[in-house]
Amino acid sequence: MADFGFFLKNILVVSLAMNIGFIWKISYEQNPLSSSSWGNLPQKLHFYTFGCNGEKNNRKEEEEEEAHVSKNTGVLVSTTTSEIPDGGESVVINLDHGDPTMYERFWRQKGEEMTVVTSGWQHISYFSDVKNVCWFLEPQLVSAVKRLHKVVGNAITEGRHVVVGTGSSQLYQAALFALSPPDAPQPMNVVSAAPFYSLALHFHREDNIEFVSIDDRLLEIRATQMGGDANEFNKDEPYIELVTSPNNPDGTTKQAVGKGDKGILIHDLAYYWPQYTPIITAADYDIMLFTVSKSTGHAGTRIGWALVKDREVAKKMTTFIEINTIGVSKDSQLRAAKILQAVSDSCDRANQKEAAESFFDYSYKHMAERWKKLREAVNKTQLFSLPSFSTETCSFSGRTFGQLPAFAWLKCEGEAVDCESFLRKHKIYTRGGKHFGASTEYTRISMLSRDSEFKLFTERLPAIMS
Ligand SMILES: Cc1ncc(COP(=O)(O)O)c(C=O)c1O
């Protein structure tokens, strides 16, 4: 009971801190120029909904979902392709967020096979495995994670502690908490080589706000500050470097670049899967973050996992999540476990005669086709360019190919200095370079949308004249 009181007290304090952060986030995002925001989500869902109507007649469930969105937001969404008078020209194409709906078709084909049924009496306790460092981690998820990494060969799991989080976003915060010392005289710098994943910026304030510390336990929540571009960071003091590889936004393979020997590394490997990049070696870093959002496309399940070498770091990350959300939804963990097992099964069966296509075969082919279409569209105009990638052979699939990033890092070659605003004028919503510590000549475009929206985009892009 005392324990629970302790929990509650902590939760109250953390939720106070989080609310302050949330209010700040909302006010920051109310800036109309800040297109990276989730703040206008209902409005964006409207655009998004409108943009996806090409597939509507075949998708009853989606129609229901979309109707629901419209009820909540009060905006008009009752449209079908035939209702768009100009064949789609008026439609806003929202490719700002990396919402991974492109995989929906694969999972839809699986039908009942993937259904998870939970009875009212199940998953009631807070606890999953009290003997584990991460006591709220479901053993089924551990097995599924370890099996999939072995099947794909993209990360070493032996000698690692698995920590589960509500998305890898929570694990990133947990890692910052675990790695920054409680008694540091000043906030620890967190750096990342530009262009860097913009969410990293959202966790810090430029004016360096600290988490409120009320009792001894919360004193452990330390302040960190965004130290900027890792290429330019040369202070002789400890820092944390976030290495996202393949990188969001530009899809490149990255290594740590921080100078000096005082850097502690967090590797975000959300896109180190064979539909995005050739798998070259099993990653073997101290802290590696993964998520079902980008590996299988289940962003709404909100499950991420960290593979952590050091037991103390894993323990502190667990403490952060304990204070933050008292664990992670068991229902979601078990659903994620089922999905990951299904992906491994589909890979194991891939060589069998008449076996259904494996998830990674499907997703690789789909991504490769999209990149082909996008490059064709870009080549039809002088206004834009895309990065090129050298090819390598994937140890998982045996295929030789160049990166197929989840985002296209498009450069405006014409007179448009602000690529995001330029595309916005043509009703294409993307996220500009400034959100990633890069030039506004660049903008990031999600490659993960539904087919209908992607098709509309590749048709509209070459038609842009000025
Ligand atoms: C590099 C990277 N890491 C983490 C995330 C967030 O993942 P999650 O949905 O698991 O919080 C994203 C989402 O876009 C991402 O691009």
# chains A, B, ... in the order shown; residues from 1 in each chain; ligands from 1
>>> residues_around(residues="Leu374 (chain A)", least_positions_apart="5", cutoff="12 Å", atoms="only C-alpha atoms", output="count of residues only")
28
>>> select_by_dssp(residues="region 167-380 of chain A", states="alpha helix (DSSP H)", output="JSON list (two decimals) with C-alpha atoms, in the first residue's frame")
[["chain", "number", "residue", "atom", "x", "y", "z"],
["A", 167, "GLY", "CA", 6.85, 3.52, -28.48],
["A", 168, "SER", "CA", 10.56, 4.01, -28.87],
["A", 169, "SER", "CA", 9.91, 7.70, -28.15],
["A", 170, "GLN", "CA", 9.40, 6.86, -24.48],
["A", 171, "LEU", "CA", 12.53, 4.71, -24.52],
["A", 172, "TYR", "CA", 14.54, 7.58, -25.90],
["A", 173, "GLN", "CA", 13.49, 9.73, -22.95],
["A", 174, "ALA", "CA", 14.16, 6.82, -20.60],
["A", 175, "ALA", "CA", 17.66, 6.47, -22.04],
["A", 176, "LEU", "CA", 18.36, 10.19, -21.55],
["A", 177, "PHE", "CA", 17.22, 9.82, -17.96],
["A", 178, "ALA", "CA", 19.43, 6.80, -17.42],
["A", 179, "LEU", "CA", 22.52, 8.31, -19.00],
["A", 199, "LEU", "CA", 11.53, 14.56, -32.43],
["A", 200, "ALA", "CA", 14.88, 14.75, -30.70],
["A", 201, "LEU", "CA", 14.40, 18.49, -30.57],
["A", 202, "HIS", "CA", 11.01, 18.26, -28.92],
["A", 292, "VAL", "CA", 6.85, -1.80, -34.25],
["A", 293, "SER", "CA", 5.81, 1.57, -35.72],
["A", 294, "LYS", "CA", 8.38, 1.33, -38.49],
["A", 295, "SER", "CA", 9.31, -2.35, -38.57],
["A", 311, "ARG", "CA", 22.10, -3.82, -16.37],
["A", 312, "GLU", "CA", 22.23, -0.56, -14.40],
["A", 313, "VAL", "CA", 21.23, 1.47, -17.44],
["A", 314, "ALA", "CA", 18.37, -0.98, -18.16],
["A", 315, "LYS", "CA", 17.28, -0.61, -14.53],
["A", 316, "LYS", "CA", 17.27, 3.17, -14.69],
["A", 317, "MET", "CA", 15.36, 3.14, -17.96],
["A", 318, "THR", "CA", 12.81, 0.86, -16.28],
["A", 319, "THR", "CA", 12.58, 3.30, -13.37],
["A", 320, "PHE", "CA", 11.85, 6.15, -15.76],
["A", 321, "ILE", "CA", 8.97, 4.24, -17.34],
["A", 322, "GLU", "CA", 7.77, 3.18, -13.90],
["A", 323, "ILE", "CA", 7.59, 6.81, -12.78],
["A", 324, "ASN", "CA", 6.21, 7.92, -16.12],
["A", 325, "THR", "CA", 3.46, 5.39, -16.89],
["A", 330, "LYS", "CA", 0.10, -5.58, -21.61],
["A", 331, "ASP", "CA", -2.58, -5.76, -24.28],
["A", 332, "SER", "CA", -0.34, -3.84, -26.63],
["A", 333, "GLN", "CA", 2.72, -5.91, -25.75],
["A", 334, "LEU", "CA", 0.89, -9.15, -26.49],
["A", 335, "ARG", "CA", -0.48, -7.80, -29.74],
["A", 336, "ALA", "CA", 3.02, -6.68, -30.71],
["A", 337, "ALA", "CA", 4.36, -10.13, -29.77],
["A", 338, "LYS", "CA", 1.79, -11.79, -32.02],
["A", 339, "ILE", "CA", 2.68, -9.46, -34.91],
["A", 340, "LEU", "CA", 6.43, -10.00, -34.54],
["A", 341, "GLN", "CA", 5.95, -13.78, -34.35],
["A", 342, "ALA", "CA", 3.81, -13.64, -37.50],
["A", 343, "VAL", "CA", 6.58, -11.75, -39.30],
["A", 344, "SER", "CA", 9.16, -14.34, -38.22],
["A", 345, "ASP", "CA", 6.80, -17.16, -39.26],
["A", 346, "SER", "CA", 6.31, -15.55, -42.66],
["A", 347, "CYS", "CA", 10.10, -15.39, -43.12],
["A", 348, "ASP", "CA", 10.61, -18.98, -41.99],
["A", 359, "PHE", "CA", 6.24, -9.52, -44.68],
["A", 360, "PHE", "CA", 9.71, -8.30, -45.63],
["A", 361, "ASP", "CA", 9.34, -9.48, -49.25],
["A", 362, "TYR", "CA", 6.07, -7.62, -49.49],
["A", 363, "SER", "CA", 7.33, -4.47, -47.84],
["A", 364, "TYR", "CA", 10.65, -4.45, -49.73],
["A", 365, "LYS", "CA", 8.90, -4.77, -53.11],
["A", 366, "HIS", "CA", 6.39, -2.11, -52.16],
["A", 367, "MET", "CA", 9.10, 0.35, -51.06],
["A", 368, "ALA", "CA", 11.25, -0.39, -54.13],
["A", 369, "GLU", "CA", 8.27, 0.28, -56.40],
["A", 370, "ARG", "CA", 7.48, 3.55, -54.61],
["A", 371, "TRP", "CA", 11.06, 4.78, -54.89],
["A", 372, "LYS", "CA", 11.08, 3.88, -58.59],
["A", 373, "LYS", "CA", 7.88, 5.85, -59.11],
["A", 374, "LEU", "CA", 9.16, 8.81, -57.11],
["A", 375, "ARG", "CA", 12.47, 8.94, -58.98],
["A", 376, "GLU", "CA", 10.58, 8.81, -62.30],
["A", 377, "ALA", "CA", 8.38, 11.68, -61.17],
["A", 378, "VAL", "CA", 11.35, 13.77, -60.00],
["A", 379, "ASN", "CA", 13.29, 13.08, -63.22]]
>>> residues_near_ligand(ligand="ligand 1", cutoff="6 Å", atoms="only C-alpha atoms and all ligand atoms", output="PyMOL selection string")
chain A and resi 98+167-169+244+248+268+270+291+293+299+302-304
>>> atom_distance(atom1="CA of Gln140 (chain A)", atom2="CA of His298 (chain A)")
17.4 Å
>>> residues_around(residues="Pro195 (chain A)", least_positions_apart="2", cutoff="6 Å", atoms="only C-alpha atoms", output="CSV table (one decimal) with N, CA and C atoms, in the first residue's frame")
chain,number,residue,atom,x,y,z
A,436,PHE,N,15.0,19.8,-39.0
A,436,PHE,CA,16.0,18.8,-38.9
A,436,PHE,C,17.4,19.4,-38.7
A,437,GLY,N,17.4,20.6,-38.4
A,437,GLY,CA,18.8,21.3,-38.3
A,437,GLY,C,19.4,21.4,-39.7
A,438,ALA,N,18.6,21.5,-40.8
A,438,ALA,CA,19.2,21.6,-42.1
A,438,ALA,C,18.6,22.8,-42.9
>>> select_by_dssp(residues="region 132-314 of chain A", states="strand (DSSP E or B)", output="PyMOL selection string")
chain A and resi 155+161-166+188-192+224-229+239-244+263-268+283+287-291+303-308
>>> write_last_selection(atoms="N, CA and C atoms", output="CSV table (one decimal), in the first residue's frame")
chain,number,residue,atom,x,y,z
A,155,ALA,N,20.4,-7.3,-35.3
A,155,ALA,CA,20.8,-6.9,-34.0
A,155,ALA,C,21.2,-8.1,-33.1
A,161,HIS,N,19.6,-6.7,-22.1
A,161,HIS,CA,18.4,-6.6,-21.4
A,161,HIS,C,17.4,-6.0,-22.3
A,162,VAL,N,16.2,-6.5,-22.3
A,162,VAL,CA,15.1,-5.9,-23.2
A,162,VAL,C,14.3,-5.0,-22.2
A,163,VAL,N,14.1,-3.7,-22.7
A,163,VAL,CA,13.2,-2.8,-21.9
A,163,VAL,C,12.1,-2.4,-22.9
A,164,VAL,N,10.9,-2.5,-22.5
A,164,VAL,CA,9.8,-2.2,-23.4
A,164,VAL,C,9.3,-0.8,-23.1
A,165,GLY,N,8.9,-0.1,-24.1
A,165,GLY,CA,8.4,1.3,-23.9
A,165,GLY,C,7.1,1.6,-24.7
A,166,THR,N,6.4,2.6,-24.3
A,166,THR,CA,5.3,3.1,-25.1
A,166,THR,C,5.8,3.8,-26.3
A,188,MET,N,23.2,18.1,-19.3
A,188,MET,CA,24.1,17.3,-20.3
A,188,MET,C,23.6,17.7,-21.7
A,189,ASN,N,24.6,17.9,-22.6
A,189,ASN,CA,24.2,18.1,-24.0
A,189,ASN,C,23.8,16.9,-24.7
A,190,VAL,N,22.8,17.0,-25.5
A,190,VAL,CA,22.4,15.8,-26.3
A,190,VAL,C,22.6,16.3,-27.8
A,191,VAL,N,23.4,15.6,-28.5
A,191,VAL,CA,23.7,16.0,-29.9
A,191,VAL,C,23.4,15.0,-30.9
A,192,SER,N,23.2,15.4,-32.1
A,192,SER,CA,22.9,14.4,-33.2
A,192,SER,C,23.4,15.1,-34.5
A,224,THR,N,18.5,17.8,-19.6
A,224,THR,CA,19.4,17.7,-20.7
A,224,THR,C,19.1,18.9,-21.6
A,225,GLN,N,20.0,19.2,-22.5
A,225,GLN,CA,19.7,20.3,-23.4
A,225,GLN,C,20.2,19.9,-24.8
A,226,MET,N,19.5,20.4,-25.8
A,226,MET,CA,19.9,20.1,-27.2
A,226,MET,C,21.2,20.7,-27.5
A,227,GLY,N,22.2,19.9,-27.7
A,227,GLY,CA,23.6,20.5,-28.0
A,227,GLY,C,23.8,20.8,-29.4
A,228,GLY,N,22.8,20.5,-30.3
A,228,GLY,CA,22.9,20.8,-31.7
A,228,GLY,C,23.5,19.7,-32.5
A,229,ASP,N,24.1,20.2,-33.6
A,229,ASP,CA,24.7,19.3,-34.6
A,229,ASP,C,26.0,18.6,-34.0
A,239,TYR,N,28.7,14.1,-23.1
A,239,TYR,CA,27.5,14.4,-23.9
A,239,TYR,C,26.9,13.1,-24.3
A,240,ILE,N,25.6,13.2,-24.8
A,240,ILE,CA,24.9,12.1,-25.3
A,240,ILE,C,24.8,12.3,-26.8
A,241,GLU,N,25.1,11.3,-27.6
A,241,GLU,CA,24.9,11.4,-29.0
A,241,GLU,C,23.8,10.4,-29.5
A,242,LEU,N,22.9,11.0,-30.2
A,242,LEU,CA,21.8,10.1,-30.7
A,242,LEU,C,22.2,9.8,-32.2
A,243,VAL,N,22.4,8.5,-32.5
A,243,VAL,CA,22.7,8.1,-33.8
A,243,VAL,C,21.5,7.4,-34.4
A,244,THR,N,20.9,8.0,-35.4
A,244,THR,CA,19.7,7.4,-36.0
A,244,THR,C,20.2,6.8,-37.4
A,263,GLY,N,31.6,10.9,-25.2
A,263,GLY,CA,30.2,10.8,-25.7
A,263,GLY,C,29.6,9.4,-25.3
A,264,ILE,N,28.3,9.5,-24.9
A,264,ILE,CA,27.6,8.2,-24.6
A,264,ILE,C,26.6,8.1,-25.8
A,265,LEU,N,26.5,6.9,-26.3
A,265,LEU,CA,25.7,6.8,-27.6
A,265,LEU,C,24.4,6.1,-27.3
A,266,ILE,N,23.3,6.6,-28.0
A,266,ILE,CA,22.0,5.9,-28.1
A,266,ILE,C,21.9,5.7,-29.6
A,267,HIS,N,21.7,4.4,-30.0
A,267,HIS,CA,21.4,4.1,-31.4
A,267,HIS,C,20.0,3.9,-31.7
A,268,ASP,N,19.4,4.8,-32.5
A,268,ASP,CA,18.0,4.6,-32.8
A,268,ASP,C,17.9,3.8,-34.2
A,283,ALA,N,23.7,-5.4,-35.6
A,283,ALA,CA,24.1,-4.2,-34.8
A,283,ALA,C,24.4,-4.7,-33.3
A,287,ILE,N,23.2,0.7,-26.5
A,287,ILE,CA,21.7,1.0,-26.3
A,287,ILE,C,21.1,1.0,-27.7
A,288,MET,N,20.3,0.1,-28.1
A,288,MET,CA,19.7,0.1,-29.4
A,288,MET,C,18.1,0.2,-29.3
A,289,LEU,N,17.5,1.1,-30.0
A,289,LEU,CA,16.1,1.3,-29.9
A,289,LEU,C,15.4,0.8,-31.2
A,290,PHE,N,14.3,0.1,-31.0
A,290,PHE,CA,13.5,-0.4,-32.1
A,290,PHE,C,12.0,-0.1,-31.8
A,291,THR,N,11.2,-0.2,-32.9
A,291,THR,CA,9.8,0.0,-32.7
A,291,THR,C,8.9,-0.7,-33.7
A,303,ILE,N,4.3,0.3,-29.3
A,303,ILE,CA,5.3,-0.5,-28.6
A,303,ILE,C,6.7,-0.4,-29.3
A,304,GLY,N,7.6,-0.1,-28.4
A,304,GLY,CA,9.0,0.0,-28.8
A,304,GLY,C,9.8,-0.9,-27.8
A,305,TRP,N,11.1,-1.2,-28.2
A,305,TRP,CA,11.9,-2.0,-27.3
A,305,TRP,C,13.3,-1.5,-27.4
A,306,ALA,N,14.0,-1.6,-26.3
A,306,ALA,CA,15.4,-1.2,-26.2
A,306,ALA,C,16.2,-2.5,-25.9
A,307,LEU,N,17.4,-2.6,-26.6
A,307,LEU,CA,18.3,-3.7,-26.2
A,307,LEU,C,19.5,-3.0,-25.5
A,308,VAL,N,19.6,-3.4,-24.3
A,308,VAL,CA,20.6,-2.6,-23.4
A,308,VAL,C,21.6,-3.5,-22.8
